[in-house]
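**Student:** Data file run_21.txt (compact mmCIF, C-alpha atoms) is appended below.
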```txt
# COMPACT_ATOMS: atom_id res chain seq x y z
CA MET P 1 -19.45 145.26 -39.05
CA PHE P 2 -21.45 143.71 -36.21
CA GLN P 3 -20.48 140.13 -37.06
CA PRO P 4 -17.58 139.73 -34.54
CA ILE P 5 -19.79 141.04 -31.73
CA MET P 6 -22.63 138.78 -32.89
CA ASP P 7 -20.28 135.78 -32.85
CA GLN P 8 -19.26 136.56 -29.26
CA ILE P 9 -22.88 137.00 -28.14
CA LEU P 10 -23.99 133.80 -29.88
CA SER P 11 -21.11 131.87 -28.33
CA LEU P 12 -22.18 133.11 -24.88
CA ALA P 13 -25.81 132.27 -25.65
CA ARG P 14 -24.85 128.73 -26.72
CA ASP P 15 -22.93 128.23 -23.46
CA ALA P 16 -25.89 129.56 -21.48
CA TRP P 17 -28.26 127.23 -23.38
CA ALA P 18 -26.09 124.18 -22.60
CA PHE P 19 -25.82 125.21 -18.94
CA MET P 20 -29.56 125.72 -18.56
CA ALA P 21 -30.39 122.48 -20.38
CA GLY P 22 -28.07 120.61 -17.98
CA LEU P 23 -29.60 122.38 -15.00
CA LEU P 24 -33.08 121.50 -16.24
CA ILE P 25 -32.13 117.82 -16.45
CA VAL P 26 -30.70 117.90 -12.91
CA VAL P 27 -33.76 119.68 -11.48
CA ALA P 28 -36.15 117.34 -13.31
CA LEU P 29 -34.28 114.25 -12.07
CA LEU P 30 -34.25 115.53 -8.49
CA GLY P 31 -37.95 116.40 -8.73
CA GLY P 32 -38.66 112.95 -10.19
CA MET P 33 -36.74 111.28 -7.35
CA TYR P 34 -38.70 113.32 -4.81
CA TYR P 35 -42.02 112.30 -6.37
CA ILE P 36 -40.95 108.64 -6.51
CA LEU P 37 -40.06 108.81 -2.81
CA GLN P 38 -43.41 110.43 -2.09
CA GLY P 39 -45.25 107.79 -4.13
CA THR P 40 -43.40 104.94 -2.43
CA ALA P 41 -44.09 106.34 1.01
CA GLY P 42 -47.73 106.88 0.10
CA ALA P 43 -48.04 103.30 -1.15
CA ALA P 44 -46.33 101.95 1.98
CA PHE P 45 -48.63 103.88 4.33
CA GLY P 46 -51.74 103.28 2.26
CA GLY P 47 -52.06 106.93 1.23
CA SER P 48 -53.65 106.58 -2.18
CA ARG P 49 -54.04 110.34 -2.65
CA MET P 50 -50.36 110.89 -1.90
CA THR P 51 -49.39 108.18 -4.38
CA SER P 52 -51.64 109.48 -7.13
CA MET P 53 -50.37 113.05 -6.60
CA ALA P 54 -46.81 111.76 -6.88
CA ILE P 55 -47.60 109.93 -10.14
CA ILE P 56 -49.25 113.05 -11.56
CA GLY P 57 -46.19 115.07 -10.51
CA VAL P 58 -43.79 112.71 -12.29
CA VAL P 59 -45.91 112.78 -15.45
CA GLY P 60 -46.04 116.60 -15.29
CA LEU P 61 -42.25 116.81 -14.96
CA VAL P 62 -41.77 114.48 -17.94
CA ILE P 63 -44.15 116.60 -20.01
CA ILE P 64 -42.31 119.81 -19.07
CA VAL P 65 -38.90 118.34 -19.95
CA LEU P 66 -40.21 116.97 -23.25
CA PHE P 67 -41.70 120.41 -23.94
CA ALA P 68 -38.31 122.03 -23.31
CA PHE P 69 -36.27 119.63 -25.42
CA LEU P 70 -38.68 119.03 -28.30
CA PHE P 71 -40.92 122.07 -28.55
CA LEU P 72 -38.49 124.92 -27.79
CA PRO P 73 -35.99 124.01 -30.58
CA GLN P 74 -38.92 123.83 -33.01
CA ILE P 75 -40.06 127.28 -31.87
CA GLY P 76 -36.50 128.51 -32.40
CA GLU P 77 -36.46 127.13 -35.94
CA LEU P 78 -39.84 128.75 -36.59
CA LEU P 79 -38.65 132.14 -35.34
CA LYS P 80 -35.40 131.76 -37.31
CA ASN P 81 -37.41 131.18 -40.47
CA PHE P 82 -39.46 134.29 -39.67
CA GLN P 83 -36.32 136.39 -39.07
CA PRO P 84 -36.99 139.38 -41.28
CA GLN P 85 -34.73 141.18 -43.69
CA PRO P 86 -34.36 144.92 -42.93
CA PRO P 87 -37.63 146.56 -44.03
CA PHE P 88 -35.89 149.79 -45.11
CA MET H 1 -26.17 162.77 -50.59
CA ASN H 2 -27.05 159.44 -52.20
CA GLU H 3 -23.72 157.90 -51.14
CA THR H 4 -24.17 159.12 -47.59
CA THR H 5 -27.68 157.67 -47.50
CA SER H 6 -26.41 154.37 -48.86
CA ILE H 7 -23.60 154.11 -46.29
CA LEU H 8 -25.87 154.99 -43.39
CA LEU H 9 -28.59 152.60 -44.55
CA THR H 10 -26.04 149.78 -44.88
CA PHE H 11 -24.95 150.48 -41.30
CA LEU H 12 -28.56 150.47 -40.09
CA ARG H 13 -29.33 147.24 -42.01
CA GLU H 14 -26.38 145.48 -40.40
CA ALA H 15 -27.51 146.74 -37.01
CA TRP H 16 -31.02 145.39 -37.75
CA THR H 17 -29.64 141.94 -38.64
CA ALA H 18 -27.49 141.84 -35.49
CA LEU H 19 -30.37 142.98 -33.26
CA ALA H 20 -32.72 140.39 -34.79
CA GLY H 21 -30.16 137.64 -34.13
CA VAL H 22 -29.63 138.75 -30.54
CA LEU H 23 -33.39 138.95 -30.04
CA LEU H 24 -33.83 135.39 -31.32
CA ALA H 25 -31.08 134.04 -29.05
CA LEU H 26 -32.41 135.91 -26.02
CA THR H 27 -35.99 134.79 -26.63
CA LEU H 28 -34.95 131.15 -26.78
CA LEU H 29 -32.77 131.44 -23.67
CA ALA H 30 -35.57 133.21 -21.79
CA GLY H 31 -37.98 130.48 -22.90
CA LEU H 32 -35.65 127.79 -21.55
CA ALA H 33 -35.28 129.72 -18.29
CA GLN H 34 -39.06 129.84 -17.93
CA VAL H 35 -39.31 126.09 -18.58
CA LEU H 36 -36.66 125.54 -15.89
CA ARG H 37 -38.69 127.72 -13.55
CA THR H 38 -41.83 125.71 -14.37
CA SER H 39 -40.15 122.38 -13.67
CA SER H 40 -38.62 123.52 -10.37
CA ALA H 41 -41.95 125.05 -9.31
CA GLY H 42 -43.69 121.79 -10.26
CA ALA H 43 -41.22 119.83 -8.15
CA LEU H 44 -41.79 122.18 -5.21
CA GLY H 45 -45.56 122.13 -5.69
CA SER H 46 -45.95 125.87 -6.24
CA SER H 47 -48.86 126.23 -8.66
CA ARG H 48 -48.72 130.05 -8.69
CA TRP H 49 -45.10 130.01 -9.83
CA VAL H 50 -45.97 127.49 -12.54
CA GLY H 51 -48.76 129.75 -13.80
CA GLU H 52 -46.47 132.78 -13.83
CA ALA H 53 -43.76 130.92 -15.74
CA LEU H 54 -46.20 129.54 -18.32
CA SER H 55 -47.74 132.97 -18.93
CA ALA H 56 -44.24 134.48 -19.27
CA LEU H 57 -43.41 131.76 -21.82
CA LEU H 58 -46.50 132.61 -23.86
CA SER H 59 -45.66 136.34 -23.63
CA LEU H 60 -42.16 135.64 -24.94
CA LEU H 61 -43.58 133.75 -27.90
CA ALA H 62 -46.03 136.56 -28.65
CA LEU H 63 -43.27 139.19 -28.42
CA GLY H 64 -41.00 137.18 -30.73
CA LEU H 65 -43.74 136.77 -33.31
CA PHE H 66 -44.60 140.47 -33.07
CA ALA H 67 -40.95 141.42 -33.60
CA PHE H 68 -40.43 139.17 -36.60
CA LEU H 69 -43.82 139.44 -38.28
CA GLY H 70 -45.40 142.67 -37.04
CA ILE H 71 -42.58 145.23 -37.05
CA PRO H 72 -41.48 144.77 -40.70
CA GLN H 73 -45.09 145.11 -41.82
CA ILE H 74 -45.68 148.23 -39.71
CA VAL H 75 -42.44 149.85 -40.84
CA GLY H 76 -43.13 148.98 -44.48
CA ALA H 77 -46.62 150.46 -44.29
CA LEU H 78 -45.45 153.65 -42.60
CA GLN H 79 -42.48 154.03 -44.92
CA SER H 80 -44.76 153.88 -47.92
CA ALA H 81 -46.74 156.72 -46.30
CA LEU H 82 -43.62 158.88 -46.00
CA PRO H 83 -43.23 161.25 -48.96
CA ASN H 84 -40.22 159.92 -50.85
CA GLY H 85 -38.50 161.90 -53.56
CA SER H 86 -41.05 164.68 -53.87
CA GLY H 87 -39.74 167.94 -55.21
CA CYS H 88 -36.37 168.62 -56.79
CA GLY H 89 -32.98 170.06 -55.93
CA PRO H 90 -31.36 169.93 -52.51
CA ILE H 91 -34.67 170.10 -50.67
CA GLY H 92 -35.94 167.02 -52.51
CA GLU H 93 -32.73 165.10 -51.82
CA LEU H 94 -32.84 166.13 -48.21
CA GLY H 95 -36.47 164.94 -47.99
CA THR H 96 -35.55 161.55 -49.44
CA PHE H 97 -32.60 161.27 -47.07
CA ALA H 98 -34.73 162.24 -44.09
CA SER H 99 -37.56 159.84 -44.90
CA GLN H 100 -35.18 156.89 -45.32
CA MET H 101 -33.32 157.71 -42.12
CA ILE H 102 -36.59 158.13 -40.18
CA GLY H 103 -37.80 154.74 -41.43
CA GLY H 104 -34.55 152.96 -40.59
CA LEU H 105 -34.16 154.52 -37.16
CA ALA H 106 -37.80 153.90 -36.25
CA ALA H 107 -37.50 150.23 -37.27
CA LEU H 108 -34.36 149.83 -35.18
CA ARG H 109 -35.96 151.61 -32.23
CA MET H 110 -39.00 149.34 -32.35
CA LEU H 111 -36.81 146.22 -32.50
CA LYS H 112 -34.78 147.53 -29.55
CA ALA H 113 -38.02 148.14 -27.64
CA VAL H 114 -39.07 144.51 -28.24
CA LEU H 115 -35.63 143.36 -27.05
CA THR H 116 -36.13 145.37 -23.84
CA SER H 117 -39.62 143.88 -23.52
CA VAL H 118 -38.22 140.35 -23.77
CA LEU H 119 -35.66 141.14 -21.07
CA SER H 120 -38.35 142.71 -18.86
CA THR H 121 -40.64 139.70 -19.31
CA THR H 122 -37.81 137.39 -18.32
CA LEU H 123 -36.97 139.42 -15.24
CA GLY H 124 -40.64 140.02 -14.37
CA ALA H 125 -40.43 143.82 -14.53
CA PRO H 126 -43.79 145.17 -15.77
CA ALA H 127 -42.68 148.81 -15.51
CA SER H 128 -39.82 148.28 -17.96
CA LEU H 129 -42.15 146.35 -20.25
CA ALA H 130 -44.62 149.25 -20.29
CA GLY H 131 -41.77 151.69 -20.96
CA ALA H 132 -40.50 149.63 -23.89
CA LEU H 133 -43.95 149.39 -25.44
CA THR H 134 -44.40 153.16 -24.99
CA GLU H 135 -41.10 153.66 -26.80
CA SER H 136 -42.38 151.51 -29.65
CA ALA H 137 -45.55 153.62 -29.88
CA GLU H 138 -43.40 156.79 -29.83
CA ALA H 139 -41.44 155.52 -32.84
CA LEU H 140 -44.71 154.89 -34.69
CA PHE H 141 -46.04 158.32 -33.79
CA GLY H 142 -42.76 159.92 -34.91
CA MET H 143 -43.05 158.28 -38.32
CA LEU H 144 -46.65 159.45 -38.68
CA LEU H 145 -45.62 162.97 -37.69
CA ALA H 146 -42.77 162.93 -40.20
CA ALA H 147 -45.18 161.81 -42.93
CA ALA H 148 -47.12 165.03 -42.35
CA ALA H 149 -44.17 167.33 -41.62
CA ILE H 150 -41.87 166.56 -44.57
CA PRO H 151 -44.17 167.83 -47.37
CA LEU H 152 -45.15 170.88 -45.32
CA THR H 153 -41.48 171.74 -44.72
CA ALA H 154 -40.67 171.22 -48.40
CA ARG H 155 -43.50 173.57 -49.38
CA PHE H 156 -42.42 176.12 -46.77
CA LEU H 157 -38.85 176.05 -48.07
CA GLY H 158 -40.11 176.50 -51.59
CA ALA H 159 -39.38 173.13 -53.18
CA CYS H 160 -40.53 172.81 -56.77
```
Can you give me the file's structure in the form of structure tokens?
**Tutor:**
Amino acid sequence: MFQPIMDQILSLARDAWAFMAGLLIVVALLGGMYYILQGTAGAAFGGSRMTSMAIIGVVGLVIIVLFAFLFLPQIGELLKNFQPQPPF
Amino acid sequence: MNETTSILLTFLREAWTALAGVLLALTLLAGLAQVLRTSSAGALGSSRWVGEALSALLSLLALGLFAFLGIPQIVGALQSALPNGSGCGPIGELGTFASQMIGGLAALRMLKAVLTSVLSTTLGAPASLAGALTESAEALFGMLLAAAAIPLTARFLGAC
């Protein structure tokens, strides 16, 4: 009875997932470019703290993106396996 | 009465399956949105925003696990406490019908409350989150009250 509505909602959710994944890649690339610029400028001016902060920032961004693309689908699979049958 | 109960329970079961699917999809989307928020906050250097997004992500995970592991157990435990099939005649049938409907509706209400909680966590609305959790507690309290009220009503109406 609810299957057609579910199909519509899931189709919308899939589109939203693809959109947000693309947006995440764009934001992460822009953030990475910014940190690389910061690191280069820091290295050119001899600002070691600036450079190290930029390197840490790039590593943090990579970790966040890996978390999104590797960990979140696994969490989804886990929750899908836990999806309960009606308890009544 | 049995056929009516069966039809209504089938309807409620389908609604449960649909709500669980929507909850799963929304939880994952909200998780991705929080990761996006974390990465943009990291790029901007806003540590407070990163902390908020990470705590929201953990809350979403906890809510999802509560919905899929906690609610069925709670509903199963409370439904076993409801008097089912005591007495005979129309009052007994009515009691069975009522206990099954109360169980099904309470389970659906709790799942809906978790869905609202997930939406509130995503939007950062603590008032709505508190309201949804209160609704969940109300459903529990209603089931407990029904467990006490059904046998008393049956005795008052003179069930055998």
**Student:** Just give me the gap between atom CA of Glu3 of chain H and atom CA of Gly104 of chain H in Å, one decimal is fine.
**Tutor:**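 For atom CA of Glu3 of chain H relative to atom CA of Gly104 of chain H, the distance reads 15.9 Å.
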**Student:** For chain H, work out the contacting residues on chain P at 8 Å, counting only C-alpha atoms, and write them as a PyMOL selection string.
**Tutor:** chain P and resi 1-3+6+9-10+13+16-17+20-21+23-24+27-28+31-32+34-35+57+60-61+64-65+68+72+76+79-80+82-88
**Student:** Quick one: residues within 7 Å of segment 139-150 of chain H, all atoms listed in the file counted, chain neighbours fewer than 5 positions away excluded, as a list in words?
**Tutor:** Leu78, Ala81, Leu82, Pro83, Gly95, Ile102, Ala106, Arg109 and Met110 of chain H
**Student:** To one decimal place in Å, what is the distance between atom CA of Arg155 of chain H and atom CA of Met1 of chain H?
**Tutor:** 20.5 Å
**Student:** Hey, which of H:Thr122, H:Thr116, H:Ser80, H:Ser136 ends up closest to Ser59 of chain H? Count all atoms listed in the file.
**Tutor:**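 Among the listed residues, the smallest separation from Ser59 of chain H belongs to H:Thr122.
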**Student:** Do you have the atom CA of Ala41 of chain P-atom CA of Ala53 of chain H distance handy?
**Tutor:**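 We find that atom CA of Ala41 of chain P and atom CA of Ala53 of chain H lie 29.7 Å from each other.
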